[in-house]
Each structure stands twice: as structure tokens, then as C-alpha cells.
$ cat upload-v7.pdb   # PDB, C-alpha atoms
MODEL        1
ATOM      1  CA  MET A 204     109.571  72.616  97.370  1.00  0.00           C
ATOM      2  CA  PRO A 205     106.461  74.524  96.272  1.00  0.00           C
ATOM      3  CA  THR A 206     104.335  75.975  99.001  1.00  0.00           C
ATOM      4  CA  HIS A 207     100.675  75.035  99.140  1.00  0.00           C
ATOM      5  CA  PRO A 208      98.547  78.034  98.001  1.00  0.00           C
ATOM      6  CA  SER A 209      96.711  78.410 101.309  1.00  0.00           C
ATOM      7  CA  GLU A 210      99.994  78.281 103.195  1.00  0.00           C
ATOM      8  CA  LEU A 211     101.500  80.838 100.820  1.00  0.00           C
ATOM      9  CA  ASN A 212      98.519  83.159 101.332  1.00  0.00           C
ATOM     10  CA  GLU A 213      98.925  82.816 105.079  1.00  0.00           C
ATOM     11  CA  ILE A 214     102.616  83.748 104.843  1.00  0.00           C
ATOM     12  CA  ALA A 215     101.804  86.653 102.488  1.00  0.00           C
ATOM     13  CA  ARG A 216      99.178  87.985 104.910  1.00  0.00           C
ATOM     14  CA  ARG A 217     101.733  87.767 107.711  1.00  0.00           C
ATOM     15  CA  TRP A 218     104.034  89.973 105.631  1.00  0.00           C
ATOM     16  CA  ALA A 219     101.210  92.426 104.886  1.00  0.00           C
ATOM     17  CA  ILE A 220     100.449  92.608 108.607  1.00  0.00           C
ATOM     18  CA  ARG A 221     104.094  93.198 109.510  1.00  0.00           C
ATOM     19  CA  VAL A 222     104.571  95.864 106.831  1.00  0.00           C
ATOM     20  CA  GLY A 223     101.421  97.589 108.119  1.00  0.00           C
ATOM     21  CA  ASP A 224     103.164  98.334 111.400  1.00  0.00           C
ATOM     22  CA  PRO A 225     104.568 101.875 111.461  1.00  0.00           C
ATOM     23  CA  ALA A 226     107.671 100.441 113.161  1.00  0.00           C
ATOM     24  CA  PHE A 227     108.338  97.842 110.420  1.00  0.00           C
ATOM     25  CA  GLY A 228     111.954  97.932 109.292  1.00  0.00           C
ATOM     26  CA  ASP A 229     112.687  94.491 107.867  1.00  0.00           C
ATOM     27  CA  TRP A 230     112.580  95.652 104.255  1.00  0.00           C
ATOM     28  CA  GLU A 231     115.506  93.557 103.114  1.00  0.00           C
ATOM     29  CA  ALA A 232     113.915  90.370 104.400  1.00  0.00           C
ATOM     30  CA  LEU A 233     110.747  91.347 102.524  1.00  0.00           C
ATOM     31  CA  THR A 234     112.818  91.935  99.377  1.00  0.00           C
ATOM     32  CA  ALA A 235     114.467  88.526  99.708  1.00  0.00           C
ATOM     33  CA  TRP A 236     111.117  86.816 100.247  1.00  0.00           C
ATOM     34  CA  LEU A 237     109.579  88.518  97.206  1.00  0.00           C
ATOM     35  CA  GLU A 238     112.590  87.572  95.077  1.00  0.00           C
ATOM     36  CA  ALA A 239     112.464  83.933  96.137  1.00  0.00           C
ATOM     37  CA  ASP A 240     109.441  83.064  93.948  1.00  0.00           C
ATOM     38  CA  PRO A 241     107.256  85.122  91.568  1.00  0.00           C
ATOM     39  CA  ALA A 242     104.167  83.659  93.272  1.00  0.00           C
ATOM     40  CA  HIS A 243     105.139  85.521  96.431  1.00  0.00           C
ATOM     41  CA  LEU A 244     104.460  88.947  94.904  1.00  0.00           C
ATOM     42  CA  ALA A 245     101.012  87.932  93.639  1.00  0.00           C
ATOM     43  CA  ALA A 246     100.097  86.566  97.066  1.00  0.00           C
ATOM     44  CA  TYR A 247     101.439  89.664  98.793  1.00  0.00           C
ATOM     45  CA  ASP A 248      99.507  91.984  96.441  1.00  0.00           C
ATOM     46  CA  ALA A 249      96.346  89.993  97.153  1.00  0.00           C
ATOM     47  CA  ALA A 250      96.931  90.277 100.912  1.00  0.00           C
ATOM     48  CA  VAL A 251      97.409  94.047 100.624  1.00  0.00           C
ATOM     49  CA  ASP A 252      94.293  94.294  98.411  1.00  0.00           C
ATOM     50  CA  GLY A 253      92.186  92.563 101.065  1.00  0.00           C
ATOM     51  CA  GLU A 254      93.512  94.729 103.863  1.00  0.00           C
ATOM     52  CA  THR A 255      92.986  97.908 101.803  1.00  0.00           C
ATOM     53  CA  TRP A 256      89.483  96.870 100.747  1.00  0.00           C
ATOM     54  CA  ALA A 257      88.299  96.326 104.319  1.00  0.00           C
ATOM     55  CA  SER A 258      90.081  99.354 105.790  1.00  0.00           C
ATOM     56  CA  ALA A 259      88.755 101.696 103.107  1.00  0.00           C
ATOM     57  CA  ALA A 260      85.182 100.498 103.610  1.00  0.00           C
ATOM     58  CA  LEU A 261      85.411 100.919 107.393  1.00  0.00           C
ATOM     59  CA  ALA A 262      87.183 104.295 107.154  1.00  0.00           C
ATOM     60  CA  ASN A 263      84.588 105.590 104.691  1.00  0.00           C
ATOM     61  CA  LYS A 264      81.817 104.809 107.103  1.00  0.00           C
ATOM     62  CA  LYS A 265      83.718 106.451 109.925  1.00  0.00           C
ATOM     63  CA  SER A 266      84.171 109.710 108.015  1.00  0.00           C
ATOM     64  CA  ALA A 267      80.847 109.840 106.149  1.00  0.00           C
ATOM     65  CA  PRO A 268      77.808 110.982 108.107  1.00  0.00           C
ATOM     66  CA  LYS A 269      74.756 108.724 108.061  1.00  0.00           C
ATOM     67  CA  GLU A 270      72.436 109.391 105.157  1.00  0.00           C
TER      68      GLU A 270
ATOM     69  CA  MET B 498     123.629 127.169  99.892  1.00  0.00           C
ATOM     70  CA  GLU B 499     120.153 127.721  98.596  1.00  0.00           C
ATOM     71  CA  ALA B 500     117.208 125.409  98.851  1.00  0.00           C
ATOM     72  CA  GLY B 501     116.823 123.250  95.760  1.00  0.00           C
ATOM     73  CA  GLU B 502     120.486 123.429  94.810  1.00  0.00           C
ATOM     74  CA  THR B 503     121.726 120.658  96.999  1.00  0.00           C
ATOM     75  CA  ALA B 504     120.284 117.273  97.736  1.00  0.00           C
ATOM     76  CA  ASN B 505     118.438 117.215 101.034  1.00  0.00           C
ATOM     77  CA  GLU B 506     119.268 114.632 103.683  1.00  0.00           C
ATOM     78  CA  LEU B 507     116.719 112.118 102.409  1.00  0.00           C
ATOM     79  CA  GLN B 508     117.986 112.473  98.857  1.00  0.00           C
ATOM     80  CA  GLN B 509     121.506 111.792 100.041  1.00  0.00           C
ATOM     81  CA  VAL B 510     120.343 108.620 101.765  1.00  0.00           C
ATOM     82  CA  LEU B 511     118.315 107.738  98.673  1.00  0.00           C
ATOM     83  CA  LEU B 512     121.396 107.998  96.474  1.00  0.00           C
ATOM     84  CA  GLY B 513     123.588 106.103  98.894  1.00  0.00           C
ATOM     85  CA  GLU B 514     121.056 103.291  99.196  1.00  0.00           C
ATOM     86  CA  ARG B 515     120.111 103.210  95.533  1.00  0.00           C
ATOM     87  CA  PRO B 516     120.988  99.520  94.934  1.00  0.00           C
ATOM     88  CA  ARG B 517     118.895  98.290  97.846  1.00  0.00           C
ATOM     89  CA  LEU B 518     115.906 100.460  96.955  1.00  0.00           C
ATOM     90  CA  VAL B 519     116.021  99.588  93.250  1.00  0.00           C
ATOM     91  CA  ARG B 520     116.240  95.915  94.166  1.00  0.00           C
ATOM     92  CA  PHE B 521     113.199  96.297  96.425  1.00  0.00           C
ATOM     93  CA  LEU B 522     111.218  98.138  93.731  1.00  0.00           C
ATOM     94  CA  ALA B 523     112.069  95.426  91.173  1.00  0.00           C
ATOM     95  CA  ALA B 524     111.003  92.653  93.546  1.00  0.00           C
ATOM     96  CA  ARG B 525     107.904  94.580  94.582  1.00  0.00           C
ATOM     97  CA  GLY B 526     106.562  94.460  91.016  1.00  0.00           C
ATOM     98  CA  ALA B 527     108.396  97.243  89.176  1.00  0.00           C
ATOM     99  CA  GLY B 528     110.590  94.746  87.302  1.00  0.00           C
ATOM    100  CA  ASP B 529     112.496  96.504  84.511  1.00  0.00           C
ATOM    101  CA  GLU B 530     110.924  99.823  85.460  1.00  0.00           C
ATOM    102  CA  ALA B 531     112.583  99.861  88.873  1.00  0.00           C
ATOM    103  CA  GLU B 532     115.099 102.522  87.776  1.00  0.00           C
ATOM    104  CA  ASP B 533     112.292 104.772  86.488  1.00  0.00           C
ATOM    105  CA  LEU B 534     110.398 104.375  89.725  1.00  0.00           C
ATOM    106  CA  PHE B 535     113.535 105.132  91.671  1.00  0.00           C
ATOM    107  CA  HIS B 536     113.659 108.410  89.767  1.00  0.00           C
ATOM    108  CA  ASN B 537     109.999 108.985  90.591  1.00  0.00           C
ATOM    109  CA  LEU B 538     110.887 108.485  94.254  1.00  0.00           C
ATOM    110  CA  TRP B 539     113.759 110.935  93.914  1.00  0.00           C
ATOM    111  CA  GLN B 540     111.360 113.597  92.606  1.00  0.00           C
ATOM    112  CA  LYS B 541     108.899 112.953  95.410  1.00  0.00           C
ATOM    113  CA  VAL B 542     111.643 113.284  98.008  1.00  0.00           C
ATOM    114  CA  ALA B 543     112.965 116.447  96.349  1.00  0.00           C
ATOM    115  CA  VAL B 544     109.797 118.413  97.096  1.00  0.00           C
ATOM    116  CA  LEU B 545     109.582 117.340 100.740  1.00  0.00           C
ATOM    117  CA  PRO B 546     110.460 119.962 103.309  1.00  0.00           C
ATOM    118  CA  ASP B 547     113.952 119.269 104.609  1.00  0.00           C
ATOM    119  CA  ARG B 548     113.187 117.996 108.050  1.00  0.00           C
ATOM    120  CA  ALA B 549     114.711 115.313 110.189  1.00  0.00           C
ATOM    121  CA  VAL B 550     113.314 111.789 109.776  1.00  0.00           C
ATOM    122  CA  ASP B 551     113.928 109.216 112.514  1.00  0.00           C
ATOM    123  CA  ASP B 552     115.026 106.419 110.239  1.00  0.00           C
ATOM    124  CA  PRO B 553     115.617 107.782 106.728  1.00  0.00           C
ATOM    125  CA  LEU B 554     116.217 104.401 105.081  1.00  0.00           C
ATOM    126  CA  SER B 555     113.054 102.871 106.501  1.00  0.00           C
ATOM    127  CA  TYR B 556     111.178 106.024 105.513  1.00  0.00           C
ATOM    128  CA  LEU B 557     112.392 105.612 101.934  1.00  0.00           C
ATOM    129  CA  PHE B 558     111.478 101.920 101.784  1.00  0.00           C
ATOM    130  CA  ARG B 559     108.027 102.898 103.047  1.00  0.00           C
ATOM    131  CA  ALA B 560     107.751 105.550 100.335  1.00  0.00           C
ATOM    132  CA  ALA B 561     108.757 102.901  97.764  1.00  0.00           C
ATOM    133  CA  GLU B 562     106.126 100.493  99.123  1.00  0.00           C
ATOM    134  CA  ASN B 563     103.456 103.214  98.912  1.00  0.00           C
ATOM    135  CA  LEU B 564     104.536 104.067  95.381  1.00  0.00           C
ATOM    136  CA  MET B 565     104.009 100.433  94.329  1.00  0.00           C
ATOM    137  CA  ARG B 566     100.585 100.400  96.003  1.00  0.00           C
ATOM    138  CA  ASP B 567      99.617 103.571  94.095  1.00  0.00           C
ATOM    139  CA  MET B 568     100.835 102.037  90.840  1.00  0.00           C
ATOM    140  CA  ARG B 569      98.763  98.915  91.423  1.00  0.00           C
ATOM    141  CA  ARG B 570      95.640 100.986  92.140  1.00  0.00           C
ATOM    142  CA  ALA B 571      96.216 102.951  88.922  1.00  0.00           C
ATOM    143  CA  VAL B 572      96.643  99.759  86.878  1.00  0.00           C
ATOM    144  CA  ILE B 573      93.539  98.178  88.366  1.00  0.00           C
ATOM    145  CA  SER B 574      91.348 101.204  87.641  1.00  0.00           C
ATOM    146  CA  ARG B 575      92.787 101.524  84.127  1.00  0.00           C
ATOM    147  CA  ASP B 576      92.022  97.856  83.381  1.00  0.00           C
ATOM    148  CA  ARG B 577      88.540  98.367  84.766  1.00  0.00           C
ATOM    149  CA  ARG B 578      87.918 101.377  82.513  1.00  0.00           C
ATOM    150  CA  GLN B 579      89.192  99.435  79.513  1.00  0.00           C
ATOM    151  CA  SER B 580      87.003  96.437  80.134  1.00  0.00           C
ATOM    152  CA  GLU B 581      84.026  98.740  80.638  1.00  0.00           C
ATOM    153  CA  TRP B 582      84.842 100.422  77.355  1.00  0.00           C
ATOM    154  CA  HIS B 583      84.817  97.079  75.592  1.00  0.00           C
ATOM    155  CA  GLY B 584      81.728  96.019  77.476  1.00  0.00           C
ATOM    156  CA  LEU B 585      83.529  92.929  78.691  1.00  0.00           C
ATOM    157  CA  SER B 586      83.229  93.174  82.389  1.00  0.00           C
ATOM    158  CA  ASP B 587      80.384  92.719  84.751  1.00  0.00           C
ATOM    159  CA  THR B 588      81.990  94.243  87.777  1.00  0.00           C
ATOM    160  CA  PRO B 589      79.998  96.392  90.193  1.00  0.00           C
ATOM    161  CA  HIS B 590      81.547  99.439  88.510  1.00  0.00           C
ATOM    162  CA  ASP B 591      79.549  98.884  85.326  1.00  0.00           C
ATOM    163  CA  ARG B 592      76.378  99.272  87.265  1.00  0.00           C
ATOM    164  CA  PRO B 593      74.435 102.457  87.965  1.00  0.00           C
ATOM    165  CA  ALA B 594      75.495 104.615  90.899  1.00  0.00           C
ATOM    166  CA  GLY B 595      72.525 103.580  93.028  1.00  0.00           C
ATOM    167  CA  GLU B 596      73.364  99.928  92.644  1.00  0.00           C
ATOM    168  CA  ARG B 597      77.044 100.597  93.342  1.00  0.00           C
ATOM    169  CA  ALA B 598      76.129 102.333  96.597  1.00  0.00           C
ATOM    170  CA  LEU B 599      73.954  99.381  97.518  1.00  0.00           C
ATOM    171  CA  ILE B 600      76.816  96.954  96.878  1.00  0.00           C
ATOM    172  CA  ALA B 601      79.204  99.141  98.906  1.00  0.00           C
ATOM    173  CA  ARG B 602      76.756  99.071 101.836  1.00  0.00           C
ATOM    174  CA  GLU B 603      76.342  95.333 101.489  1.00  0.00           C
ATOM    175  CA  GLN B 604      80.126  94.833 101.517  1.00  0.00           C
ATOM    176  CA  LEU B 605      80.576  97.117 104.509  1.00  0.00           C
ATOM    177  CA  ALA B 606      77.892  95.228 106.435  1.00  0.00           C
ATOM    178  CA  ALA B 607      79.584  91.927 105.555  1.00  0.00           C
ATOM    179  CA  ILE B 608      83.009  93.236 106.642  1.00  0.00           C
ATOM    180  CA  GLU B 609      81.562  94.432 109.944  1.00  0.00           C
ATOM    181  CA  ALA B 610      79.766  91.130 110.526  1.00  0.00           C
ATOM    182  CA  THR B 611      82.919  89.163 109.665  1.00  0.00           C
ATOM    183  CA  LEU B 612      85.034  91.163 112.112  1.00  0.00           C
ATOM    184  CA  ALA B 613      82.339  91.002 114.812  1.00  0.00           C
ATOM    185  CA  ALA B 614      82.250  87.198 114.471  1.00  0.00           C
ATOM    186  CA  LEU B 615      85.941  87.062 115.468  1.00  0.00           C
ATOM    187  CA  GLY B 616      85.124  88.380 118.928  1.00  0.00           C
ATOM    188  CA  PRO B 617      85.482  91.870 120.327  1.00  0.00           C
ATOM    189  CA  ARG B 618      89.235  91.795 120.940  1.00  0.00           C
ATOM    190  CA  ALA B 619      90.267  90.753 117.430  1.00  0.00           C
ATOM    191  CA  GLU B 620      87.821  93.235 115.927  1.00  0.00           C
ATOM    192  CA  LEU B 621      89.006  96.155 118.047  1.00  0.00           C
ATOM    193  CA  ILE B 622      92.647  95.288 117.464  1.00  0.00           C
ATOM    194  CA  PHE B 623      92.096  95.172 113.696  1.00  0.00           C
ATOM    195  CA  ARG B 624      90.390  98.583 113.772  1.00  0.00           C
ATOM    196  CA  ARG B 625      93.074 100.072 116.010  1.00  0.00           C
ATOM    197  CA  TYR B 626      95.813  98.735 113.749  1.00  0.00           C
ATOM    198  CA  ARG B 627      94.273  99.569 110.380  1.00  0.00           C
ATOM    199  CA  LEU B 628      92.165 102.655 111.066  1.00  0.00           C
ATOM    200  CA  ASP B 629      94.121 104.393 113.825  1.00  0.00           C
ATOM    201  CA  GLY B 630      97.537 103.299 112.557  1.00  0.00           C
ATOM    202  CA  ALA B 631      98.623 102.111 116.010  1.00  0.00           C
ATOM    203  CA  GLY B 632     101.683  99.840 116.149  1.00  0.00           C
ATOM    204  CA  GLN B 633     101.492  96.255 117.373  1.00  0.00           C
ATOM    205  CA  ALA B 634     103.697  97.022 120.372  1.00  0.00           C
ATOM    206  CA  ASP B 635     101.395  99.857 121.461  1.00  0.00           C
ATOM    207  CA  ILE B 636      98.320  97.671 121.028  1.00  0.00           C
ATOM    208  CA  ALA B 637      99.929  94.889 123.087  1.00  0.00           C
ATOM    209  CA  ALA B 638     100.654  97.405 125.857  1.00  0.00           C
ATOM    210  CA  GLU B 639      97.122  98.825 125.749  1.00  0.00           C
ATOM    211  CA  TRP B 640      95.555  95.386 126.124  1.00  0.00           C
ATOM    212  CA  GLY B 641      98.216  94.046 128.461  1.00  0.00           C
ATOM    213  CA  ILE B 642      98.785  91.073 126.157  1.00  0.00           C
ATOM    214  CA  SER B 643     101.810  89.665 124.347  1.00  0.00           C
ATOM    215  CA  LEU B 644     102.924  90.789 120.929  1.00  0.00           C
ATOM    216  CA  SER B 645     102.234  87.314 119.568  1.00  0.00           C
ATOM    217  CA  SER B 646      98.621  87.503 120.798  1.00  0.00           C
ATOM    218  CA  VAL B 647      98.214  90.753 118.846  1.00  0.00           C
ATOM    219  CA  GLU B 648      99.727  89.082 115.773  1.00  0.00           C
ATOM    220  CA  LYS B 649      97.399  86.105 116.100  1.00  0.00           C
ATOM    221  CA  ASP B 650      94.341  88.356 116.338  1.00  0.00           C
ATOM    222  CA  LEU B 651      95.461  90.297 113.273  1.00  0.00           C
ATOM    223  CA  GLN B 652      96.097  87.057 111.378  1.00  0.00           C
ATOM    224  CA  LYS B 653      92.580  85.881 112.235  1.00  0.00           C
ATOM    225  CA  ALA B 654      91.108  89.164 111.003  1.00  0.00           C
ATOM    226  CA  TYR B 655      93.158  89.268 107.796  1.00  0.00           C
ATOM    227  CA  ARG B 656      92.300  85.637 106.998  1.00  0.00           C
ATOM    228  CA  ALA B 657      88.570  86.231 107.518  1.00  0.00           C
ATOM    229  CA  ILE B 658      88.663  89.395 105.389  1.00  0.00           C
ATOM    230  CA  ALA B 659      90.525  87.553 102.606  1.00  0.00           C
ATOM    231  CA  GLU B 660      87.908  84.772 102.595  1.00  0.00           C
ATOM    232  CA  LEU B 661      85.117  87.346 102.496  1.00  0.00           C
ATOM    233  CA  LYS B 662      86.729  89.296  99.668  1.00  0.00           C
ATOM    234  CA  ALA B 663      87.222  86.091  97.662  1.00  0.00           C
ATOM    235  CA  ARG B 664      83.472  85.435  97.965  1.00  0.00           C
ATOM    236  CA  PHE B 665      82.623  88.932  96.726  1.00  0.00           C
ATOM    237  CA  ASP B 666      85.176  88.714  93.910  1.00  0.00           C
ATOM    238  CA  ALA B 667      83.613  85.436  92.749  1.00  0.00           C
ATOM    239  CA  GLU B 668      80.134  86.954  92.536  1.00  0.00           C
TER     240      GLU B 668
ENDMDL
END

$ encode --input "upload-v7.pdb" --output "C-alpha cells"
Amino acid sequence: MPTHPSELNEIARRWAIRVGDPAFGDWEALTAWLEADPAHLAAYDAAVDGETWASAALANKKSAPKE
Amino acid sequence: MEAGETANELQQVLLGERPRLVRFLAARGAGDEAEDLFHNLWQKVAVLPDRAVDDPLSYLFRAAENLMRDMRRAVISRDRRQSEWHGLSDTPHDRPAGERALIAREQLAAIEATLAALGPRAELIFRRYRLDGAGQADIAAEWGISLSSVEKDLQKAYRAIAELKARFDAE
């Protein structure tokens, strides 16, 4: 049964959040989830892109002195 | 034995766990190139100082994940350069430096406003998790809240950021 796109994005973001934890160790479950459907990888990449985009912007501000 | 002549501990684990790591790389977007990327990983591990790692297998999966993130960044910036070359794209990167800086400031302000709108706890938890690299268990302990509350706050933040990024991408 195909997953609704918004639901898939929610699940993908949950994976991105979990993987972001330094203690994450469930790599085989992540592998199995990615293998289950090609759409999973695209959604996961998008979730990581969003997280990286926001973190990089905030980190840049933190490290760069005010103009 | 001399350094460089024998596989270090991580390389031994890498070899022993080759099928699992190659399978992960393939699923993570490497596809047919998974074996090549495994070799890439091997070379990266070879130059690391031989020191003890708490959980070598998890460390190697993490290295594989980071490798795939680096690859994706490289592909995205290559595609961007190509579309600029052909004059096909109208992304912020085609624009002059001054305008790019303006857009970066605008995006930062929007990210900050989006996180602030979630309430102070979700915002601080997102920053602690993403910028300080704190684990969810540590954050839960610091706030005296459950792990699932931390997860819910992070989910709220990630969802809001994704919606914001989609708006910027559509512009």
C-alpha cells in the first residue's frame, strides 16, 4: 500500500532525526527501510537537506561576527 | 609490525562487515557504485590514527552516511554549476554576491522566526541537538522531560523547517 507523500515525509524526517543522534545505532533498520521503496531514499535525502540547510544557516551566524 | 603494513582495528571490522556496509551504501543512494564507495571508505579509514572506537561498526556506518551526504552535496553543486553554465537556472547562486548575501540573511531570519514560533523549548532543543550535537537522552535529562517529548519537539521543528524550505525552493 503506497504511503501518502506527507506521511512519507513525516516518517523520513523521523529517520533523519534519529540518525542525527550521536548514539544512533539502528543502521540495519534504516537500510531495510531505504530498500523497501525507492521513494524512501528521496524523502530521506530531502529531510536531511532541510536539516542541513537550517543548521548551516544558524551555525554560520553563530560563528560569523556581526557586520 | 609497522604502521601501514597491517589493517588497523577499524579496517578489520570494515572487512568483516563488508556485506552489511555495501548493502547500506547501495540503499543509501550509491546503487551500483556501492563497492567503489566501500573502497573509498577503506581509504579514509586507513589514514585514521589507530585508536580505540567505542562501537566500531556504528562508527563505520556513520562514516558511510557522511560519505553519502558529501557525495550528494558534490552532485548538487556540480548540477548547479552546469545549469549556470548553460544559463538555465535562476537559483540564488546565479545572482551577484550582494544579492546572495541578502537572500542568505532573509533565509536565516525566516529560519529563526520559524523556530521561535514553535515556542522556546522546541527552539532550544532543536539548537542543542543540531548545533551542539547533544544526544536526545542528554537533552531529555537536561530538561527533565521524557525522550518522547524531545522527539516530538524535534519533529515539530523539522516539519516547520521543511515547510519553510519548500517555500524558498518554490520561489

$ residues_near_point --input "upload-v7.pdb" --point "(107.1, 95.8, 117.4)" --cutoff "9 Å" --atoms "all atoms listed in the file" --output "tab-separated table (two decimals) with C-alpha atoms, keeping the file's coordinate frame"
chain	number	residue	atom	x	y	z
A	221	ARG	CA	104.09	93.20	109.51
A	224	ASP	CA	103.16	98.33	111.40
A	225	PRO	CA	104.57	101.88	111.46
A	226	ALA	CA	107.67	100.44	113.16
A	227	PHE	CA	108.34	97.84	110.42
B	632	GLY	CA	101.68	99.84	116.15
B	633	GLN	CA	101.49	96.26	117.37
B	634	ALA	CA	103.70	97.02	120.37
B	635	ASP	CA	101.40	99.86	121.46
B	644	LEU	CA	102.92	90.79	120.93

$ interface_residues --input "upload-v7.pdb" --of "chain A" --to "chain B" --cutoff "6 Å" --atoms "all atoms listed in the file" --output "ChimeraX atom specification"
/A:224-225,228,234,237-238,253,260

$ atom_distance --input "upload-v7.pdb" --atom1 "CA of Gly641 (chain B)" --atom2 "CA of Lys653 (chain B)"
19.0 Å

$ residues_around --input "upload-v7.pdb" --residues "Asn537 (chain B)" --least-positions-apart "6" --cutoff "10 Å" --atoms "all atoms listed in the file" --output "list in words"
Ala531, Ala543, Ala561 and Leu564 of chain B

$ resolve_selection --input "upload-v7.pdb" --expression "the PyMOL selection byres ((chain A and resi 243) around 10)" --output "PyMOL selection string"
(chain A and resi 206+211-212+214-215+236-242+244-249) or (chain B and resi 524-525)

$ axis_aligned_box --input "upload-v7.pdb" --around "region 227-246 of chain A" --padding-each-side "8 Å" --output "lines of an AutoDock Vina configuration file"
center_x = 107.8
center_y = 90.5
center_z = 101.0
size_x = 31.4
size_y = 30.9
size_z = 34.9

$ atom_distance --input "upload-v7.pdb" --atom1 "CA of Ile600 (chain B)" --atom2 "CA of Leu261 (chain A)"
14.1 Å

$ atom_distance --input "upload-v7.pdb" --atom1 "CA of Asp547 (chain B)" --atom2 "CA of Glu530 (chain B)"
27.5 Å

$ closest_residue --input "upload-v7.pdb" --among "B:Val544, B:Val647, B:Ala527, B:Val550" --to "Glu506 (chain B)" --atoms "only C-alpha atoms"
B:Val550

$ closest_residue --input "upload-v7.pdb" --among "A:Ser209, A:Asn263, A:Ala257, A:Leu233" --to "Thr611 (chain B)" --atoms "only C-alpha atoms"
A:Ala257

$ decode --input "upload-v7.pdb" --residues "region 541-575 of chain B" --atoms "C-alpha atoms" --output "PDB file, in the first residue's frame"
ATOM      1  CA  LYS B 541      39.504   7.029   4.623  1.00  0.00           C
ATOM      2  CA  VAL B 542      39.771   4.559   7.488  1.00  0.00           C
ATOM      3  CA  ALA B 543      43.337   3.653   6.503  1.00  0.00           C
ATOM      4  CA  VAL B 544      44.653   7.140   7.259  1.00  0.00           C
ATOM      5  CA  LEU B 545      42.933   7.428  10.641  1.00  0.00           C
ATOM      6  CA  PRO B 546      45.160   7.162  13.676  1.00  0.00           C
ATOM      7  CA  ASP B 547      44.769   3.700  15.170  1.00  0.00           C
ATOM      8  CA  ARG B 548      42.810   4.483  18.268  1.00  0.00           C
ATOM      9  CA  ALA B 549      40.045   2.696  20.073  1.00  0.00           C
ATOM     10  CA  VAL B 550      36.483   3.475  18.957  1.00  0.00           C
ATOM     11  CA  ASP B 551      33.585   2.643  21.282  1.00  0.00           C
ATOM     12  CA  ASP B 552      31.426   0.956  18.694  1.00  0.00           C
ATOM     13  CA  PRO B 553      33.461   0.355  15.526  1.00  0.00           C
ATOM     14  CA  LEU B 554      30.549  -0.894  13.412  1.00  0.00           C
ATOM     15  CA  SER B 555      28.344   2.070  14.255  1.00  0.00           C
ATOM     16  CA  TYR B 556      31.311   4.358  13.624  1.00  0.00           C
ATOM     17  CA  LEU B 557      31.722   2.852  10.158  1.00  0.00           C
ATOM     18  CA  PHE B 558      28.020   3.147   9.318  1.00  0.00           C
ATOM     19  CA  ARG B 559      28.241   6.789  10.391  1.00  0.00           C
ATOM     20  CA  ALA B 560      31.260   7.302   8.136  1.00  0.00           C
ATOM     21  CA  ALA B 561      29.284   5.710   5.273  1.00  0.00           C
ATOM     22  CA  GLU B 562      26.314   8.005   5.964  1.00  0.00           C
ATOM     23  CA  ASN B 563      28.607  11.058   5.949  1.00  0.00           C
ATOM     24  CA  LEU B 564      30.220   9.890   2.724  1.00  0.00           C
ATOM     25  CA  MET B 565      26.791   9.752   1.045  1.00  0.00           C
ATOM     26  CA  ARG B 566      25.960  13.232   2.359  1.00  0.00           C
ATOM     27  CA  ASP B 567      29.241  14.566   0.913  1.00  0.00           C
ATOM     28  CA  MET B 568      28.502  12.897  -2.418  1.00  0.00           C
ATOM     29  CA  ARG B 569      25.056  14.474  -2.555  1.00  0.00           C
ATOM     30  CA  ARG B 570      26.486  17.932  -1.807  1.00  0.00           C
ATOM     31  CA  ALA B 571      29.051  17.461  -4.591  1.00  0.00           C
ATOM     32  CA  VAL B 572      26.369  16.387  -7.080  1.00  0.00           C
ATOM     33  CA  ILE B 573      24.111  19.289  -6.173  1.00  0.00           C
ATOM     34  CA  SER B 574      26.862  21.885  -6.597  1.00  0.00           C
ATOM     35  CA  ARG B 575      28.005  20.280  -9.858  1.00  0.00           C
TER      36      ARG B 575
END
